[in-house]
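Reviewing the structure listed below.
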There are 2 protein chains.
Amino acid sequence: MGKKYVYSFEEGKADMKGLLGGKGANLAEMTNIGLPVPTGITVTTEACNDYYAQGGKMPEGLEAEIKEKMVGLEAKIGKNFGDAANPLLLSIRSGAKFSMPGMMDTILNLGLNDQTCEAMVKATNNERFVLDCYRRFIQMFSGVVLGLEHHKFESVLDAQKEKRGVHFDTELDADDLREVVAAYKKVVKRETGNDFPEDPMQQLLLAVQAVFGSWNNQRAIVYRRLNQIPDDLGTAVNIQSMVFGNMGEDCGTGVAFTRNPSTGEKALYGEYLINAQGEDVVAGIRTPQPISKLQEEMPVIYQQFVDICKTLEQHYQNMQDIEFTIEKGKLYILQTRHGKRTANAAIKIAVEMAAEGLIDKNEAVLRVEPGALDQLLHRRIDPAAKFEVIAKGLPASPGAASGTVVFDADEAEKQGQSGQKVVLVRTETTPDDIHGIVAAQGVLTSRGGMTSHAAVVARGMGKPCVCGCEAIKINYAEKLFSVNGTVVREGDTVSIDGATGQVILGTVPMIDPELSPEFQELLGWADDIRTMAVRANADTPEDAAKAREFGAEGIGLCRTEHMFMAQDRLPVVQEMILAETLEDREAALEKLLPVQQGDFYGILKAMEGFPVYIRLLDPPLHEFLPNIEELVVEITELKCTGGDKNLIAEKEELLRKVRQLHEFNPMLGHRGCRLGVTFPEIYAMQVKAIYQATAQLVKEGVDAEPEVMIPLVIHVNELKMLREQAVEIAKAVQQEHGIDFDIHIGTMIELPRAAVTADEIATQADFFSFGTNDLTQTTLGFSRDDAEGKFLPDYINKKILTDNPFVVLDQAGVGKLVKLGTDLGRQANPALKVGICGEHGGEPSSIGFCHRIGMNYVSCSPYRVPIARLASAQAAAGGESSVSTK
Amino acid sequence: MGKKYVYSFEEGKADMKGLLGGKGANLAEMTNIGLPVPTGITVTTEACNDYYAQGGKMPEGLEAEIKEKMVGLEAKIGKNFGDAANPLLLSIRSGAKFSMPGMMDTILNLGLNDQTCEAMVKATNNERFVLDCYRRFIQMFSGVVLGLEHHKFESVLDAQKEKRGVHFDTELDADDLREVVAAYKKVVKRETGNDFPEDPMQQLLLAVQAVFGSWNNQRAIVYRRLNQIPDDLGTAVNIQSMVFGNMGEDCGTGVAFTRNPSTGEKALYGEYLINAQGEDVVAGIRTPQPISKLQEEMPVIYQQFVDICKTLEQHYQNMQDIEFTIEKGKLYILQTRHGKRTANAAIKIAVEMAAEGLIDKNEAVLRVEPGALDQLLHRRIDPAAKFEVIAKGLPASPGAASGTVVFDADEAEKQGQSGQKVVLVRTETTPDDIHGIVAAQGVLTSRGGMTSHAAVVARGMGKPCVCGCEAIKINYAEKLFSVNGTVVREGDTVSIDGATGQVILGTVPMIDPELSPEFQELLGWADDIRTMAVRANADTPEDAAKAREFGAEGIGLCRTEHMFMAQDRLPVVQEMILAETLEDREAALEKLLPVQQGDFYGILKAMEGFPVYIRLLDPPLHEFLPNIEELVVEITELKCTGGDKNLIAEKEELLRKVRQLHEFNPMLGHRGCRLGVTFPEIYAMQVKAIYQATAQLVKEGVDAEPEVMIPLVIHVNELKMLREQAVEIAKAVQQEHGIDFDIHIGTMIELPRAAVTADEIATQADFFSFGTNDLTQTTLGFSRDDAEGKFLPDYINKKILTDNPFVVLDQAGVGKLVKLGTDLGRQANPALKVGICGEHGGEPSSIGFCHRIGMNYVSCSPYRVPIARLASAQAAAGGESSVSTK
């Protein structure tokens, strides 16, 4: 007994998404709860995977099973496949476990041939309609199955229109279309050497294989990579009887969301077209009507649809994205799925559904993808700013962006990768443009609606998008667009506001986002659920205040080197570095002490009541000195031009010192606590500044909680030595001021040796803070500065790595060391506090990992604090986000 | 009941070295086998450690126990401590578990005061002798216990000689010495404010504490660090009744080895002085007589001594280093210990003792410290060379060296650290000069014998040393020495030959060492014992041949980048690197293919029958291009001087490309298999060259065994991709030539991620080769180029690290990853071969580690192959070297 490869809709249900794909499982579910779904069957993802496992061959038994199931289908519908009198026509659609809209192939009207075409003409009494279906079918099948290019058929159609002197497809009559069909078939014969397949069953089997094949087309692969969908899931194939939205004015098709996917508002939101097939809506070629208009045009159908929407939302306990077709006054539901939504909408919907009692708070928290919050935390155009709006389109994806105009996805990618901010401008986008959208700051299209490709994709990526901005006229050849007399050329700067649809010439001032009450409410729920603390990386009192605003419970990483870089301090810092004797160095440090003390006073005060982890000086000293190459050029020029001898000597002396400090691999050089080991006086000054600031605050009645963090430790002995020095200084300050405060000293774990000897190190540490940026660099041997520009893109493209390890924690490699270090540290010192302060501390999947290995806190940039709060809560609630907001 | 802190010699035995120290344990052992040892007691190392644990206080009960044991001692000897009639005098000597000659303090003649001095005068009827002892004791006690400087007393002595118009100490009579003693006491009173302690028991207790204190003097700490002796062992204190070698012409003192410590010859080897104390021999102040002369001067004593030597060697089954004193015609043995020896001697002694049946072959192999073989594998002066010998001294430590002359240990250290080769020239050396000897290529002294400080220390370090070269007259003030009319100044170059005692002006040609038959025999035994294969790191057929000569069983690391660096190839390599298109790059690679094929042909042929692990291109490409700074200077100069526009443009274009390839951290950059991932054509060329060379050799009937080694792997996917490419090429070569050969492809494990994901990587690897140089750099975050010059010395000095981790494998950190990688790799692929090819592969303690974790082989530089063979055998024989040759 072989595998069961084909399921009728009656045999499936919603939780069979893995096997039947999301679409198939939902069609089955809807069929079983009594909704008007066109009858059909689903070929499983397992069949697809077996197809690939066998090197692209139909798995054994599949053909027979399809044929057998087709018999049942025919019986249910009462039409026969290929029947000369009452032929059954089919739609063939892909459907993977996770929705990949538009990425894979679809074929409609399958089963048409010369014979069934005539039968359909008789059955529908609408020759023109049937012939139009037929010519569309040939074109679609030829593209998907036979690999023939679209334009080969378009030119036939254009020729026919020209011959008849008309402008629109709809102006061609039945006879014209008959000629077009004949010409299409000639194209197939000419291009493939074979006749267009007339046998409906052959058409079906070829179509199934073509859908399987489309799982691995380039754009599907790119989409999966972007959305972190595994490559080995495979797609199911849904074979469903056709219904027609394009048989006349009592027909139509549309898509609708049960709530607004952009704002989350509880109101039906969607579009439809009368006398059209679904592809017309999705492709954005005709601009559709808002769904509310259907109430006027077809009140009964509209009410029926509203009821079905309600049923589906209740049934799935989630906002639904529903496709429907009206065939001669009868409503059919073609698909339902959890609707994609903006982060704002996701929050509003989750909070309101919890209020409605549809879901609980835990589930509400799981309903928002933390990464998507990023878009809410980005800036928007300052409402007080004055600017000239040159055009207005649809507000398709919120947020604002400025960039130079490019008209081509490749160019967008090229400029984007070189660090240029660009806005991609297209008449409309297709899946082939995805890489350009990824690289752009935002997208502007002149055609298509809120559910057009550009809109869906941009919302998924959290990028601003203005769609259907028909006022702009694009001239690709000359690389410009004109709008009301203004000409904007490639390279000119524009701004777009995806929340309002505004298009603006030049850049505009932008402001920080405000957080909605629902956002605050949801984060409050998240705070109740999560077990890890969330802190921020902040170096100034201003950043600390911002972090508190976003809900940070302390600072997990306060870098002290930025304080050294300030224009007024750098000369003193350089004096300290260039000192030839301990005395000179100490004299310079003496000048820095009150300044540092002031820094710490400010930041500890701003974080009153919460801990502030202060990292002692970390970067190599040469970072504070002039660059060798510039000095060399300067000296060479001075010499060539007979410059002042004393000046040359002075510069040469400086060069000599800079060279002394020069390092081959600064990342692995004389930095971190190595500075504290060789120049104990530097760390001594910093520690003194920290504790004196603390003493000052304690006297003022402020609850200051400094934690001294020693960076780049590799050996317990380093930490022991520096800890002893710090404790001694702290006690001296306590004694001098006659006050008491807690002394907490810990370390960064950011080198592999620290992780594997964490048991020893933990005996001298009150806390570990995993510095996963550096730990990633050393564990992988990747210098971030070099890797991202030179070879990391190749590593992603060639699928050696699935993610940029500097963005998403490499759990299998770096994570292993993080877990080991945590476990060893806790074994040796059960009171040890463990956290993370690398960039990964603000990345949701990495935060999940931190939770699972039992960390006490994560720390990230202030703007990512809400993301971390939500992601921590989701991890504690036992899962990652259950709804993709992409 | 407290600890037992004091043992009589009768209570101890040889295996109590940890508690009683080496000297104490051996004195006890000798006492118990009936040898004439002056009676004594030993204060344990535990007492010393408790002394430190209590912050430098005598542990409770120790004083009482010493006093109690002293009563027993007095009874045995029949003299009383402090007795006015028949006083007991004592020698107080340090004695740690491991011998640290001259590093800690000794006090002789303790118990003398004004009263006992007179008693001794009566008892010996030798006033001058007793007063000389008394003044020496005051001087020594004042130095060691009271911390007064030597010269304060020397100047008193000099004044007395001047006053009496004599030149030598021996010319001073009893009355003179009485004045000297009185003057010495004044010095003590003046400098310390107190009288010199007259109470013998007070003297004893102070002396014991001073010896404890000397465990942590600076030179002892340096010595321990150099010899890897733990700091927490502590020293014992031996309190022994005095015997006098300086009571007249029937007295004497000497040291002797039971076999020649320099050559290993089985013949008594030593020196003695008539009418002297032991310190006179060791200090090298008077040049002693060879031991054979004693046969003429005191035939009975000599025979008795020869018999005792034989007894001791049989008893300890090892060559002994024996100190003796003759007091009024009676022989006393003061000390025995395993004799330090040169590597050559160690080998000869081990092999001969095995032949004599004294020890077995396993033990013989354990008797030679592998690290010490290094000195045998160094170069010596070419016997065919013509050169002028300007002087001849004692051949105190074999090997030859050239270097610029320095007269001061600090200067030697300074210049040595800056990379200068220096020869340290001194009248004699003291323990204070050790750091200078470490830094020097060799040592030349004008005074002192074969057992003088300079000789002992230099032999221990395997450095060439010429001693007692009295012809050279050193003038420290003018920084020169003159020898037979030639003046040699600081900075001039000399050469010394420690095997012949020759001193040569300028440099001389040197040649490779030959290995003695005993060496070969011992290595043969080692080969029978060891379980790991030993391979060499070699890049040329010449190195491969040298490696085979030293017994290498294949090449563990054949680097291919050196092949790219050759002058005639570099332009083609640069062409390849600077190619803008794949076609151009492939064209350049096409030119390199036959050249690389020739390289591999040569090396595979030279290693016929053994595997050759060929590492594909590893360094970043910019290493093959000109340096940015030089180019910048060149361009700036050209511009300043109005140079040729085309040339400037050309150079600027080159600069642009070099800049493109520039990296911030080349160690963590675009190198290793990352090159193979981004430029698959480079690795393809190399792999093709390897397999075409193999095919060529197979056709010629040569057993060629290439192993393709992929460097810098972090992820199984890299290896999978590159392995597939290599296998494909190999199969194509096989098919083309119609022949068969084994295809072995493996990887370096040299990044932490590779180690922690070794289970995954092993599924694609036939072997792992641990590249512990890079693994150390990334695990510790130490760029070797930067660390060794900048902060590593501080890390050693401040005892954060015990060893340079690039020399001695960091077992606790890097080793943990090596073990993890090995275990994971073997779990996933039990057939996996595992080896090491970092520098640690030639370092004995690291080799022991490799054996213990179950590696299949080690690979090291050709000259260290014998070391690795021996160290592997010792690891397999269940221990490390049992005898220090330091």
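For the structure tokens, the naming scheme is as follows: chains receive sequential letters (A, B, ...) according to their order of presentation, residues are indexed from 1 within each chain, and ligands are indexed from 1 in presentation order.
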**Request:** Tell me which protein, DNA and RNA residues are within 9 Å of Gly602 (chain A), counting only C-alpha atoms, leaving out same-chain ones fewer than 3 positions away, and put them as a ChimeraX atom specification.
**Result:** /A:540-541,597-599,605-607,693
Please produce a file of the residues just selected, as a short mmCIF file (atom, residue, chain, number, x, y, z; two decimals), in the first residue's frame, where the atoms kept are all heavy atoms.
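Written output follows (out-v8.cif):
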```
data_model
loop_
_atom_site.label_atom_id
_atom_site.label_comp_id
_atom_site.auth_asym_id
_atom_site.auth_seq_id
_atom_site.Cartn_x
_atom_site.Cartn_y
_atom_site.Cartn_z
N THR A 540 24.47 57.73 26.78
CA THR A 540 24.27 59.11 27.23
C THR A 540 22.98 59.19 28.05
O THR A 540 22.10 58.34 27.92
CB THR A 540 24.09 60.05 26.02
OG1 THR A 540 22.90 59.66 25.31
CG2 THR A 540 25.28 59.98 25.07
N PRO A 541 22.87 60.22 28.86
CA PRO A 541 21.62 60.41 29.62
C PRO A 541 20.41 60.53 28.68
O PRO A 541 19.33 60.04 29.00
CB PRO A 541 21.86 61.72 30.38
CG PRO A 541 23.35 61.80 30.53
CD PRO A 541 23.90 61.20 29.27
N GLN A 597 33.45 61.29 35.46
CA GLN A 597 32.57 61.24 36.62
C GLN A 597 31.24 61.93 36.30
O GLN A 597 30.16 61.43 36.64
CB GLN A 597 33.24 61.92 37.81
CG GLN A 597 32.48 61.73 39.10
CD GLN A 597 33.26 62.28 40.30
OE1 GLN A 597 34.50 62.26 40.30
NE2 GLN A 597 32.56 62.75 41.30
N GLY A 598 31.34 63.04 35.59
CA GLY A 598 30.13 63.74 35.16
C GLY A 598 29.29 62.89 34.23
O GLY A 598 28.05 62.84 34.35
N ASP A 599 29.95 62.18 33.30
CA ASP A 599 29.23 61.28 32.39
C ASP A 599 28.42 60.27 33.19
O ASP A 599 27.24 60.04 32.95
CB ASP A 599 30.22 60.50 31.51
CG ASP A 599 30.99 61.40 30.55
OD1 ASP A 599 30.42 62.43 30.13
OD2 ASP A 599 32.14 61.06 30.22
N LYS A 605 21.93 58.71 37.04
CA LYS A 605 20.76 59.44 37.51
C LYS A 605 19.56 59.21 36.60
O LYS A 605 18.44 58.98 37.06
CB LYS A 605 21.11 60.93 37.57
CG LYS A 605 20.06 61.76 38.28
CD LYS A 605 20.59 63.15 38.58
CE LYS A 605 19.56 63.96 39.33
NZ LYS A 605 20.09 65.28 39.69
N ALA A 606 19.83 59.24 35.29
CA ALA A 606 18.74 59.02 34.33
C ALA A 606 18.14 57.62 34.50
O ALA A 606 16.97 57.40 34.19
CB ALA A 606 19.24 59.22 32.91
N MET A 607 18.91 56.69 34.95
CA MET A 607 18.44 55.31 35.10
C MET A 607 18.14 54.98 36.56
O MET A 607 18.17 53.81 36.94
CB MET A 607 19.49 54.34 34.56
CG MET A 607 19.21 53.90 33.13
SD MET A 607 17.65 52.98 32.97
CE MET A 607 17.31 53.27 31.22
N ALA A 693 30.89 59.06 41.23
CA ALA A 693 29.57 59.50 40.77
C ALA A 693 28.47 58.83 41.60
O ALA A 693 27.47 59.45 41.98
CB ALA A 693 29.39 59.19 39.28
#
```
As a compact mmCIF listing (two decimals) with N, CA, C and O atoms, in the first residue's frame, could you give me every residue of chain B near chain A (at most 8 Å apart, counting only C-alpha atoms)?
```txt
# COMPACT_ATOMS: atom_id res chain seq x y z
N GLU B 629 50.49 51.68 1.70
CA GLU B 629 51.23 52.86 2.15
C GLU B 629 52.34 53.20 1.15
O GLU B 629 52.55 54.37 0.81
N VAL B 632 50.87 54.80 -1.84
CA VAL B 632 50.41 56.16 -1.56
C VAL B 632 51.59 57.13 -1.59
O VAL B 632 51.52 58.20 -2.19
N VAL B 633 52.69 56.72 -0.96
CA VAL B 633 53.88 57.57 -0.95
C VAL B 633 54.37 57.78 -2.38
O VAL B 633 54.66 58.92 -2.81
N THR B 636 52.02 60.13 -4.19
CA THR B 636 52.15 61.50 -3.69
C THR B 636 53.43 62.14 -4.22
O THR B 636 53.44 63.29 -4.66
N GLU B 637 54.52 61.37 -4.21
CA GLU B 637 55.79 61.89 -4.71
C GLU B 637 55.71 62.21 -6.20
O GLU B 637 56.14 63.26 -6.66
N CYS B 640 53.75 65.38 -6.58
CA CYS B 640 54.49 66.55 -6.10
C CYS B 640 55.56 66.97 -7.11
O CYS B 640 55.84 68.15 -7.28
N THR B 641 56.17 65.96 -7.72
CA THR B 641 57.30 66.25 -8.60
C THR B 641 56.85 66.31 -10.06
O THR B 641 57.69 66.30 -10.97
N GLU B 663 41.82 44.93 3.97
CA GLU B 663 40.94 44.46 5.05
C GLU B 663 41.34 45.05 6.39
O GLU B 663 42.52 45.28 6.66
N PHE B 664 40.35 45.25 7.24
CA PHE B 664 40.60 45.79 8.57
C PHE B 664 41.26 44.75 9.46
O PHE B 664 42.14 45.05 10.24
N ASN B 665 40.81 43.53 9.33
CA ASN B 665 41.34 42.43 10.13
C ASN B 665 41.60 41.24 9.21
O ASN B 665 40.78 40.33 9.13
N PRO B 666 42.73 41.26 8.51
CA PRO B 666 42.96 40.22 7.50
C PRO B 666 42.86 38.80 8.08
O PRO B 666 42.45 37.87 7.40
N MET B 667 43.23 38.69 9.35
CA MET B 667 43.15 37.38 10.01
C MET B 667 41.73 36.83 9.98
O MET B 667 41.52 35.62 9.94
N LEU B 668 40.76 37.72 10.02
CA LEU B 668 39.35 37.31 10.05
C LEU B 668 38.67 37.67 8.73
O LEU B 668 37.48 37.93 8.70
N GLY B 669 39.44 37.70 7.66
CA GLY B 669 38.90 38.26 6.45
C GLY B 669 38.63 37.25 5.34
O GLY B 669 38.31 36.08 5.59
N HIS B 670 38.81 37.74 4.14
CA HIS B 670 38.48 36.97 2.95
C HIS B 670 39.66 36.08 2.60
O HIS B 670 40.50 36.42 1.77
N ARG B 674 37.08 30.67 2.03
CA ARG B 674 36.22 31.77 1.56
C ARG B 674 36.63 32.19 0.16
O ARG B 674 35.78 32.63 -0.62
N VAL B 677 35.06 29.73 -2.05
CA VAL B 677 33.62 29.92 -2.21
C VAL B 677 33.35 31.04 -3.22
O VAL B 677 32.51 30.90 -4.10
N THR B 678 34.10 32.14 -3.10
CA THR B 678 33.82 33.27 -3.99
C THR B 678 34.49 33.11 -5.35
O THR B 678 33.98 33.61 -6.34
N ILE B 714 34.05 26.94 8.43
CA ILE B 714 33.22 27.21 9.60
C ILE B 714 31.92 26.43 9.56
O ILE B 714 31.22 26.34 10.54
N HIS B 715 31.57 25.91 8.38
CA HIS B 715 30.23 25.33 8.24
C HIS B 715 30.33 24.14 7.30
O HIS B 715 31.04 24.19 6.30
N ASN B 717 28.45 23.24 5.12
CA ASN B 717 28.05 23.55 3.75
C ASN B 717 29.22 24.00 2.87
O ASN B 717 29.24 23.73 1.67
N GLU B 718 30.18 24.71 3.48
CA GLU B 718 31.36 25.12 2.71
C GLU B 718 32.11 23.89 2.24
O GLU B 718 32.50 23.76 1.09
N LEU B 751 38.89 27.25 13.47
CA LEU B 751 38.04 28.32 13.99
C LEU B 751 37.09 27.68 15.00
O LEU B 751 36.66 26.54 14.81
N PRO B 752 36.75 28.41 16.05
CA PRO B 752 35.91 27.81 17.09
C PRO B 752 34.61 27.21 16.54
O PRO B 752 34.17 26.16 16.98
N ARG B 753 34.02 27.87 15.54
CA ARG B 753 32.76 27.32 15.03
C ARG B 753 32.94 25.94 14.43
O ARG B 753 32.07 25.09 14.51
N ALA B 754 34.08 25.74 13.78
CA ALA B 754 34.35 24.41 13.21
C ALA B 754 34.45 23.38 14.32
O ALA B 754 33.94 22.26 14.19
N VAL B 756 33.02 23.46 17.35
CA VAL B 756 31.75 23.16 18.03
C VAL B 756 30.72 22.54 17.10
O VAL B 756 29.74 21.97 17.56
N THR B 757 30.94 22.62 15.79
CA THR B 757 30.02 21.94 14.86
C THR B 757 30.75 20.82 14.13
O THR B 757 30.40 20.48 13.00
N GLN B 777 44.50 32.03 17.96
CA GLN B 777 44.24 33.45 17.71
C GLN B 777 42.76 33.79 17.90
O GLN B 777 42.42 34.79 18.52
N THR B 778 41.88 32.94 17.38
CA THR B 778 40.46 33.27 17.46
C THR B 778 39.86 32.89 18.81
O THR B 778 38.98 33.59 19.31
N THR B 779 40.33 31.81 19.42
CA THR B 779 39.76 31.41 20.70
C THR B 779 40.11 32.42 21.78
O THR B 779 39.29 32.77 22.63
N LEU B 780 41.33 32.92 21.72
CA LEU B 780 41.76 33.91 22.72
C LEU B 780 41.52 35.33 22.22
O LEU B 780 41.68 36.29 22.99
N GLY B 781 41.18 35.48 20.94
CA GLY B 781 41.10 36.84 20.40
C GLY B 781 42.45 37.53 20.43
O GLY B 781 42.55 38.72 20.67
N PHE B 782 43.51 36.75 20.19
CA PHE B 782 44.88 37.27 20.17
C PHE B 782 45.40 37.24 18.74
O PHE B 782 45.60 36.17 18.19
N SER B 783 45.62 38.38 18.15
CA SER B 783 46.35 38.41 16.90
C SER B 783 47.81 38.21 17.26
O SER B 783 48.40 39.00 17.98
N ASP B 785 50.54 38.53 15.65
CA ASP B 785 51.41 39.62 15.21
C ASP B 785 51.36 40.80 16.19
O ASP B 785 52.33 41.53 16.35
N ASP B 786 50.22 41.00 16.78
CA ASP B 786 50.06 42.14 17.67
C ASP B 786 50.36 41.77 19.12
O ASP B 786 50.99 42.51 19.85
N ALA B 787 49.89 40.58 19.52
CA ALA B 787 49.96 40.21 20.94
C ALA B 787 51.40 40.08 21.41
O ALA B 787 51.77 40.60 22.47
N LYS B 790 52.97 43.43 21.89
CA LYS B 790 52.29 44.48 22.64
C LYS B 790 51.89 44.10 24.05
O LYS B 790 52.18 44.80 24.99
N PHE B 791 51.16 43.03 24.21
CA PHE B 791 50.64 42.79 25.56
C PHE B 791 50.93 41.41 26.13
O PHE B 791 50.80 41.20 27.32
N ASP B 794 53.34 41.28 29.11
CA ASP B 794 52.67 41.68 30.35
C ASP B 794 51.85 40.54 30.92
O ASP B 794 51.77 40.37 32.13
N TYR B 795 51.21 39.79 30.03
CA TYR B 795 50.36 38.69 30.50
C TYR B 795 51.20 37.61 31.17
O TYR B 795 50.73 36.95 32.10
N LYS B 799 51.61 37.02 35.37
CA LYS B 799 51.13 35.67 35.69
C LYS B 799 49.67 35.44 35.33
O LYS B 799 48.99 34.63 35.97
N ILE B 800 49.16 36.19 34.37
CA ILE B 800 47.81 35.89 33.91
C ILE B 800 47.85 34.60 33.11
O ILE B 800 47.00 33.73 33.25
N LEU B 801 48.86 34.48 32.28
CA LEU B 801 49.09 33.24 31.54
C LEU B 801 50.45 32.67 31.98
O LEU B 801 51.38 33.43 32.26
N ALA B 812 43.60 24.36 28.64
CA ALA B 812 42.36 24.66 29.34
C ALA B 812 41.36 25.40 28.46
O ALA B 812 40.16 25.32 28.69
N GLY B 813 41.86 26.13 27.46
CA GLY B 813 40.96 26.89 26.61
C GLY B 813 40.89 26.30 25.21
O GLY B 813 39.94 25.60 24.85
N VAL B 814 41.94 26.54 24.44
CA VAL B 814 41.98 26.03 23.06
C VAL B 814 41.86 24.50 23.07
O VAL B 814 41.13 23.92 22.25
N LYS B 816 40.31 22.61 25.02
CA LYS B 816 38.93 22.17 25.24
C LYS B 816 38.18 22.10 23.90
O LYS B 816 37.41 21.16 23.67
N LEU B 817 38.43 23.07 23.05
CA LEU B 817 37.78 23.06 21.73
C LEU B 817 38.37 21.95 20.85
O LEU B 817 37.65 21.33 20.07
```
**Prompt:** Could you pull out all residues of region 9-98 of chain B with a DSSP call of strand (DSSP E or B) and give them as a list in words?
**Reply:**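 Here is the list: Gly40, Ile41, Thr42, Val43, Asn80, Phe81, Pro87, Leu88, Leu90, Ser91, Ile92, Arg93, Ser94, Gly95 and Ala96 of chain B.
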**Request:** as number ranges by chain, list the residues of region 213-408 of chain B assigned to alpha helix (DSSP H) by DSSP on the backbone atoms of this structure.
**Result:** B: 213-214, 218-227, 278-282, 292-297, 299-316, 343-355, 361-366
**Request:** Within 10 Å of Asn475 (chain B), counting only C-alpha atoms, which residues show up once you throw out same-chain ones fewer than 3 positions away? Write them as a VMD selection string, please.
**Result:** chain B and resid 407 426 to 427 472 478 to 482 489
**Request:** Within 10 Å of Leu177 (chain B), counting only C-alpha atoms, which residues show up once you throw out same-chain ones fewer than 2 positions away? Write them as a PyMOL selection string, please.
**Result:** chain B and resi 127-135+157+160+169+172-175+179-183
**Within 6 Å of Ser402 (chain B) using only C-alpha atoms, minus same-chain residues under 5 positions, as a VMD selection string** = chain B and resid 494 to 495 507
Selected residues written out, C-alpha atoms, as a JSON list (two decimals), in the first residue's frame:
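Saved file out38.json follows:
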```
[["chain", "number", "residue", "atom", "x", "y", "z"],
["B", 494, "VAL", "CA", 81.57, 37.57, 17.65],
["B", 495, "SER", "CA", 80.86, 33.87, 17.34],
["B", 507, "THR", "CA", 80.30, 35.53, 11.92]]
```
